[in-house]
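Dumped upload_31.txt below, it's compact mmCIF, C-alpha atoms (C1' of nucleotides):
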```txt
# COMPACT_ATOMS: atom_id res chain seq x y z
CA MET A 1 113.50 119.77 67.16
CA ASN A 2 116.33 119.10 64.74
CA ILE A 3 119.91 117.86 65.00
CA THR A 4 122.44 118.62 62.24
CA THR A 5 125.76 116.91 61.60
CA PHE A 6 128.25 119.11 59.77
CA ASN A 7 131.88 118.40 58.90
CA VAL A 8 133.08 121.99 58.56
CA ASN A 9 136.65 121.26 57.37
CA SER A 10 138.22 123.84 59.72
CA VAL A 11 135.93 125.95 61.88
CA ARG A 12 138.36 128.89 61.87
CA ALA A 13 138.97 128.98 58.12
CA ARG A 14 135.22 128.71 57.54
CA LEU A 15 133.91 130.75 60.47
CA GLU A 16 132.14 133.39 58.41
CA ARG A 17 130.38 130.72 56.35
CA VAL A 18 129.43 128.63 59.40
CA LEU A 19 127.99 131.64 61.24
CA ALA A 20 125.99 132.69 58.18
CA TRP A 21 124.64 129.15 57.96
CA LEU A 22 123.71 129.13 61.67
CA ASP A 23 121.99 132.49 61.40
CA ASP A 24 120.00 131.40 58.38
CA ARG A 25 119.04 127.83 59.36
CA GLN A 26 118.68 128.35 63.13
CA PRO A 27 119.36 124.70 63.99
CA ASP A 28 118.55 123.45 67.50
CA VAL A 29 121.57 121.15 67.82
CA VAL A 30 124.72 120.97 65.69
CA CYS A 31 127.36 118.23 65.77
CA LEU A 32 130.53 119.65 64.25
CA GLN A 33 133.50 117.67 62.97
CA GLU A 34 136.96 118.61 61.72
CA LEU A 35 137.35 121.68 63.89
CA LYS A 36 141.10 121.58 63.20
CA CYS A 37 141.84 123.62 66.30
CA LEU A 38 142.41 123.46 70.04
CA ASP A 39 139.48 124.01 72.39
CA SER A 40 141.10 127.33 73.31
CA GLU A 41 140.98 128.39 69.63
CA LEU A 42 137.32 127.51 69.12
CA PRO A 43 135.14 130.57 68.36
CA ARG A 44 133.03 129.80 71.42
CA ALA A 45 131.90 133.39 72.00
CA GLU A 46 130.43 133.62 68.50
CA PHE A 47 128.37 130.49 69.13
CA GLU A 48 127.30 131.54 72.61
CA ALA A 49 126.24 134.94 71.30
CA ARG A 50 123.80 133.06 69.06
CA GLY A 51 122.28 131.25 72.02
CA TYR A 52 124.18 127.97 71.91
CA HIS A 53 125.66 125.93 74.71
CA VAL A 54 129.01 124.60 73.56
CA ALA A 55 130.96 121.42 74.39
CA SER A 56 134.09 120.69 72.41
CA TYR A 57 136.93 118.24 72.10
CA GLY A 58 139.60 119.73 69.91
CA GLN A 59 143.25 119.15 69.14
CA LYS A 60 145.95 121.02 67.29
CA SER A 61 145.69 121.10 63.48
CA TRP A 62 143.50 118.06 62.87
CA ASN A 63 140.24 116.34 63.79
CA GLY A 64 138.20 117.82 66.64
CA VAL A 65 134.47 117.60 67.38
CA ALA A 66 131.94 119.83 69.12
CA LEU A 67 128.32 119.95 70.22
CA LEU A 68 126.25 123.12 69.95
CA SER A 69 122.79 123.15 71.53
CA ARG A 70 120.10 125.67 72.31
CA THR A 71 119.26 123.69 75.44
CA PRO A 72 121.84 122.62 78.02
CA ILE A 73 124.23 119.75 77.32
CA THR A 74 124.77 117.43 80.29
CA ASP A 75 127.00 114.45 81.09
CA VAL A 76 129.58 115.32 78.44
CA GLU A 77 132.23 112.67 77.74
CA THR A 78 135.21 112.86 75.41
CA ASP A 79 138.30 110.76 74.81
CA LEU A 80 136.21 108.24 72.86
CA PRO A 81 135.99 105.46 71.87
CA TRP A 82 138.71 104.44 74.28
CA PRO A 83 140.66 106.40 76.88
CA GLY A 84 143.97 107.45 75.42
CA ASP A 85 143.04 107.47 71.74
CA PRO A 86 145.51 110.14 70.55
CA GLN A 87 143.02 111.67 68.08
CA ALA A 88 140.03 113.85 69.07
CA ARG A 89 137.23 112.13 67.19
CA GLY A 90 134.34 111.63 69.59
CA ILE A 91 132.19 113.60 72.03
CA THR A 92 128.90 112.71 73.65
CA GLY A 93 126.39 114.63 75.71
CA THR A 94 122.75 114.41 76.71
CA ILE A 95 120.44 116.95 75.09
CA ASP A 96 116.69 116.98 75.75
CA GLY A 97 116.92 113.42 77.02
CA ILE A 98 118.75 112.15 73.93
CA ARG A 99 122.24 110.71 74.27
CA VAL A 100 123.99 112.28 71.28
CA LEU A 101 127.27 110.72 70.14
CA ASN A 102 129.09 112.91 67.63
CA LEU A 103 131.85 111.16 65.66
CA TYR A 104 134.56 111.97 63.17
CA VAL A 105 135.50 108.47 62.07
CA VAL A 106 139.01 107.87 60.73
CA ASN A 107 139.38 108.28 56.96
CA GLY A 108 141.85 105.47 56.39
CA GLN A 109 143.52 106.86 53.24
CA ASP A 110 143.78 103.51 51.43
CA LEU A 111 143.57 99.83 52.23
CA GLN A 112 147.36 99.45 52.43
CA SER A 113 147.84 102.33 54.85
CA ASP A 114 148.53 102.18 58.58
CA LYS A 115 145.70 104.68 58.78
CA TYR A 116 143.31 102.04 57.47
CA THR A 117 144.47 99.61 60.16
CA TYR A 118 143.85 102.37 62.70
CA LYS A 119 140.39 102.97 61.19
CA LEU A 120 139.35 99.34 61.65
CA GLU A 121 140.78 99.31 65.17
CA TRP A 122 138.95 102.55 65.94
CA LEU A 123 135.67 101.10 64.67
CA LYS A 124 136.17 97.98 66.80
CA HIS A 125 136.61 100.17 69.88
CA LEU A 126 133.56 102.20 68.87
CA HIS A 127 131.42 99.06 68.73
CA ALA A 128 132.61 98.06 72.19
CA TRP A 129 131.87 101.54 73.53
CA VAL A 130 128.38 101.70 72.04
CA ALA A 131 127.24 98.14 72.88
CA PRO A 132 126.55 98.60 76.60
CA ARG A 133 124.97 102.03 76.01
CA ALA A 134 122.74 101.25 73.03
CA ALA A 135 119.55 100.46 74.92
CA ALA A 136 119.83 102.85 77.85
CA GLY A 137 117.33 105.33 76.37
CA PRO A 138 116.94 107.50 73.26
CA MET A 139 120.31 107.60 71.48
CA LEU A 140 121.70 109.10 68.30
CA ILE A 141 125.08 108.36 66.73
CA CYS A 142 125.81 110.94 64.08
CA GLY A 143 128.74 112.44 62.27
CA ASP A 144 131.21 111.85 59.47
CA PHE A 145 131.52 108.06 59.36
CA ASN A 146 133.83 107.97 56.33
CA ILE A 147 131.88 104.88 55.26
CA ALA A 148 129.51 104.61 52.30
CA PRO A 149 127.21 101.85 53.57
CA ALA A 150 126.21 100.46 50.16
CA ASP A 151 126.91 100.82 46.45
CA ALA A 152 123.85 103.08 46.16
CA ASP A 153 125.73 105.57 48.33
CA VAL A 154 128.53 106.10 45.79
CA TYR A 155 128.24 108.00 42.49
CA ASP A 156 130.21 105.35 40.62
CA ALA A 157 130.26 102.09 42.57
CA VAL A 158 132.18 100.30 39.83
CA LYS A 159 134.96 102.86 39.95
CA TRP A 160 135.09 102.95 43.76
CA GLY A 161 134.87 99.17 44.00
CA GLU A 162 136.10 98.02 47.39
CA GLU A 163 138.39 100.98 47.97
CA VAL A 164 138.51 102.90 51.22
CA LEU A 165 135.03 104.10 52.37
CA CYS A 166 133.53 101.07 50.58
CA SER A 167 135.60 98.10 51.72
CA PRO A 168 133.81 95.04 53.14
CA ALA A 169 135.53 95.49 56.51
CA GLU A 170 134.33 99.09 56.83
CA ARG A 171 130.80 98.21 55.77
CA SER A 172 130.81 95.29 58.17
CA ALA A 173 131.75 97.63 61.01
CA PHE A 174 128.92 99.99 60.00
CA ASN A 175 126.45 97.10 59.90
CA GLY A 176 127.77 95.96 63.27
CA LEU A 177 126.53 99.23 64.78
CA LEU A 178 123.13 98.67 63.19
CA GLY A 179 123.20 95.22 64.80
CA LEU A 180 123.28 96.92 68.20
CA GLY A 181 119.78 98.24 67.51
CA PHE A 182 120.34 101.31 65.32
CA VAL A 183 118.91 102.22 61.94
CA ASP A 184 120.50 104.30 59.18
CA SER A 185 117.69 106.83 59.40
CA PHE A 186 118.15 108.38 55.94
CA ARG A 187 118.16 105.03 54.16
CA LYS A 188 115.22 103.72 56.20
CA LEU A 189 113.15 106.77 55.27
CA HIS A 190 114.32 106.94 51.63
CA PRO A 191 115.15 103.40 50.45
CA LYS A 192 115.77 104.35 46.81
CA ARG A 193 116.95 107.94 46.95
CA ARG A 194 120.33 108.82 45.48
CA GLN A 195 121.67 111.42 47.87
CA PHE A 196 125.25 112.28 48.72
CA THR A 197 126.76 114.27 51.60
CA TRP A 198 130.38 114.77 50.43
CA TRP A 199 131.79 115.82 47.06
CA ASP A 200 135.47 116.10 46.08
CA TYR A 201 136.82 119.62 45.66
CA ARG A 202 139.47 118.42 43.23
CA THR A 203 137.21 117.04 40.56
CA SER A 204 134.45 119.64 41.01
CA GLY A 205 132.43 116.70 42.23
CA PHE A 206 129.54 118.80 43.48
CA GLU A 207 129.03 120.53 40.15
CA GLN A 208 129.07 117.12 38.45
CA GLY A 209 126.79 115.39 40.96
CA LYS A 210 129.60 112.99 41.86
CA GLY A 211 129.68 112.36 45.59
CA VAL A 212 129.30 109.81 48.34
CA ARG A 213 126.95 109.45 51.31
CA ILE A 214 129.19 109.18 54.37
CA ASP A 215 127.57 111.49 56.96
CA HIS A 216 124.92 109.61 58.88
CA HIS A 217 122.34 109.67 61.66
CA LEU A 218 122.06 106.30 63.39
CA VAL A 219 118.94 106.17 65.59
CA ASN A 220 118.08 103.55 68.21
CA ALA A 221 114.62 102.08 68.84
CA ALA A 222 113.83 104.39 71.74
CA LEU A 223 114.41 107.48 69.57
CA TRP A 224 112.94 106.20 66.31
CA PRO A 225 109.28 107.12 67.10
CA ARG A 226 110.31 110.79 67.10
CA VAL A 227 111.99 110.72 63.67
CA VAL A 228 110.26 112.76 60.96
CA ASP A 229 112.87 113.09 58.19
CA VAL A 230 116.53 113.43 57.26
CA THR A 231 117.52 116.18 54.83
CA VAL A 232 120.77 117.23 53.17
CA ASP A 233 121.53 120.95 52.87
CA MET A 234 122.62 121.06 49.22
CA ALA A 235 122.32 124.85 49.11
CA GLU A 236 125.01 125.21 51.77
CA ARG A 237 127.38 122.91 49.87
CA GLY A 238 126.88 125.09 46.82
CA GLN A 239 127.98 128.28 48.60
CA LYS A 240 131.29 129.96 47.92
CA GLN A 241 133.86 128.92 50.56
CA ALA A 242 131.73 125.89 51.44
CA SER A 243 133.03 122.81 53.22
CA ASP A 244 133.33 119.71 51.05
CA HIS A 245 130.60 118.14 53.23
CA ALA A 246 126.98 119.25 53.29
CA PRO A 247 125.14 119.62 56.62
CA VAL A 248 122.74 116.71 57.21
CA THR A 249 119.74 117.28 59.47
CA LEU A 250 117.66 114.82 61.49
CA HIS A 251 114.17 116.24 62.04
CA LEU A 252 112.40 115.08 65.22
CA THR A 253 108.96 115.71 66.65
C1' DA B 1 146.40 109.43 35.56
C1' DT B 2 147.10 109.47 42.30
C1' DG B 3 147.05 115.27 40.32
C1' DC B 4 143.33 118.50 40.04
C1' DC B 5 141.33 121.67 45.71
C1' DA B 6 141.57 123.14 50.44
C1' DC B 7 143.42 123.14 54.92
C1' DA B 8 147.32 123.51 58.76
C1' DC B 9 151.93 124.52 59.86
C1' DC B 10 157.47 127.25 64.32
C1' DT B 11 154.62 127.63 56.16
C1' DT B 12 157.53 129.20 50.99
C1' DG B 13 156.94 122.57 50.58
C1' DT B 14 154.73 118.64 52.86
C1' DG B 15 151.09 115.88 54.98
C1' DT B 16 146.33 115.08 55.04
C1' DG B 17 141.66 114.67 53.62
C1' DA B 18 137.92 110.98 51.16
```
Produce structure tokens that represent the structure in this file.
Amino acid sequence: MNITTFNVNSVRARLERVLAWLDDRQPDVVCLQELKCLDSELPRAEFEARGYHVASYGQKSWNGVALLSRTPITDVETDLPWPGDPQARGITGTIDGIRVLNLYVVNGQDLQSDKYTYKLEWLKHLHAWVAPRAAAGPMLICGDFNIAPADADVYDAVKWGEEVLCSPAERSAFNGLLGLGFVDSFRKLHPKRRQFTWWDYRTSGFEQGKGVRIDHHLVNAALWPRVVDVTVDMAERGQKQASDHAPVTLHLT
DNA sequence: ATGCCACACCTTGTGTGA
């Protein structure tokens, strides 16, 4: 079994590309972020025609997350990490006995922005939401975290310094989730590997190998025994009309 | 150097992303 997280940067603008990727890779479960559409605008029929159950939490223009699964998705919850959050950034469902939490964490723009304040507040609420659920059984938190956990996760750590994605407060929030009993599965499996998941369109970052690792699979102790590997789909990022994020896949027994 | 690209929108410029 495998579970892929994929920030598609608009599911409608990229539908042809996303469907080609699905048809080629045949993933079991996909956690999508940045749908940038209402639930009513989601290309649900195209996914269902390929054998996927679909649960989505969209909004107009921005954000939006969805779960696709070959097996049924039960106990779906949205409106995370607190009821009334105006932005659609979280959805959870149980798939094959795994509680899957799919997140599109706030970007934050820069450390002086109100959006950064909202990001830290959002992460605080996330911690509070996860804490009582972290040991209830096999659980995965995956998605676009918009946090590079360590300097090794940034192409030029000196240049990025403590800017947004790398600030101590963001990294502290990330480590706080690990403190609830989760591991950063990619980094645990590959302690030294330099591997990014997002590259800037503007600077042709992908072509230059200049990216950051911000899309993650956090696995709790009950799920860890099933983990085989985490891989990044570089070929997809290299396609024409690709998202600026690569799909990242957790491989399970 | 804060724009470069890409996306959405009651679009023809502006806000946002990371």
Do you have, as JSON lines, the list of residues of chain B lying at most 6 Å from chain A, each with its nearest atom pair and that distance in Å to one decimal, counting all atoms listed in the file and ordered by chain then number?
```
{"residue": "B:DC4", "atom": "C1'", "partner": "A:Arg202", "partner_atom": "CA", "distance": 5.0}
{"residue": "B:DC5", "atom": "C1'", "partner": "A:Arg202", "partner_atom": "CA", "distance": 4.5}
{"residue": "B:DA8", "atom": "C1'", "partner": "A:Ser61", "partner_atom": "CA", "distance": 5.5}
```
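Atom CA of Leu177 of chain A to atom CA of Thr71 of chain A spans 27.7 Å [interatomic distance, one decimal].
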Item to complete: Give me the residues within 7 Å of segment 150-161 of chain A as a ChimeraX atom specification, counting only C-alpha atoms (C1' of nucleotides) and dropping any in the same chain fewer than 2 places off.
Response: /A:148,163,166,194,196,210-213
Practice prompt. Could you jot down the atom CA of Glu207 of chain A to atom C1' of DG15 of chain B separation for me, Å, one decimal place?
Written response: 27.0 Å
Worksheet, complete the sentence: Between atom CA of Trp122 of chain A and atom C1' of DA6 of chain B lies a distance of 25.9 Å
Item to complete: Considering all atoms listed in the file, return as a VMD selection string whatever protein or nucleic-acid residues lie within 9 Å of segment 128-138 of chain A, sequence-local ones (same chain, fewer than 6 positions apart) excluded.
Response: chain A and resid 80 to 82 97 to 100 177 180 to 182 219 to 224
All file atoms of segment 142-149 of chain A boxed axis-aligned, 3 Å per side, centre plus edges, as JSON:
```
{"center_x": 129.8, "center_y": 107.1, "center_z": 58.2, "size_x": 14.0, "size_y": 16.6, "size_z": 17.8}
```
Discussion item. Using all atoms listed in the file for the distances, tell me which of A:Val18, A:Ile3, A:Leu32, A:Ala66 is nearest to Ile95 of chain A.
Written reply: A:Ile3
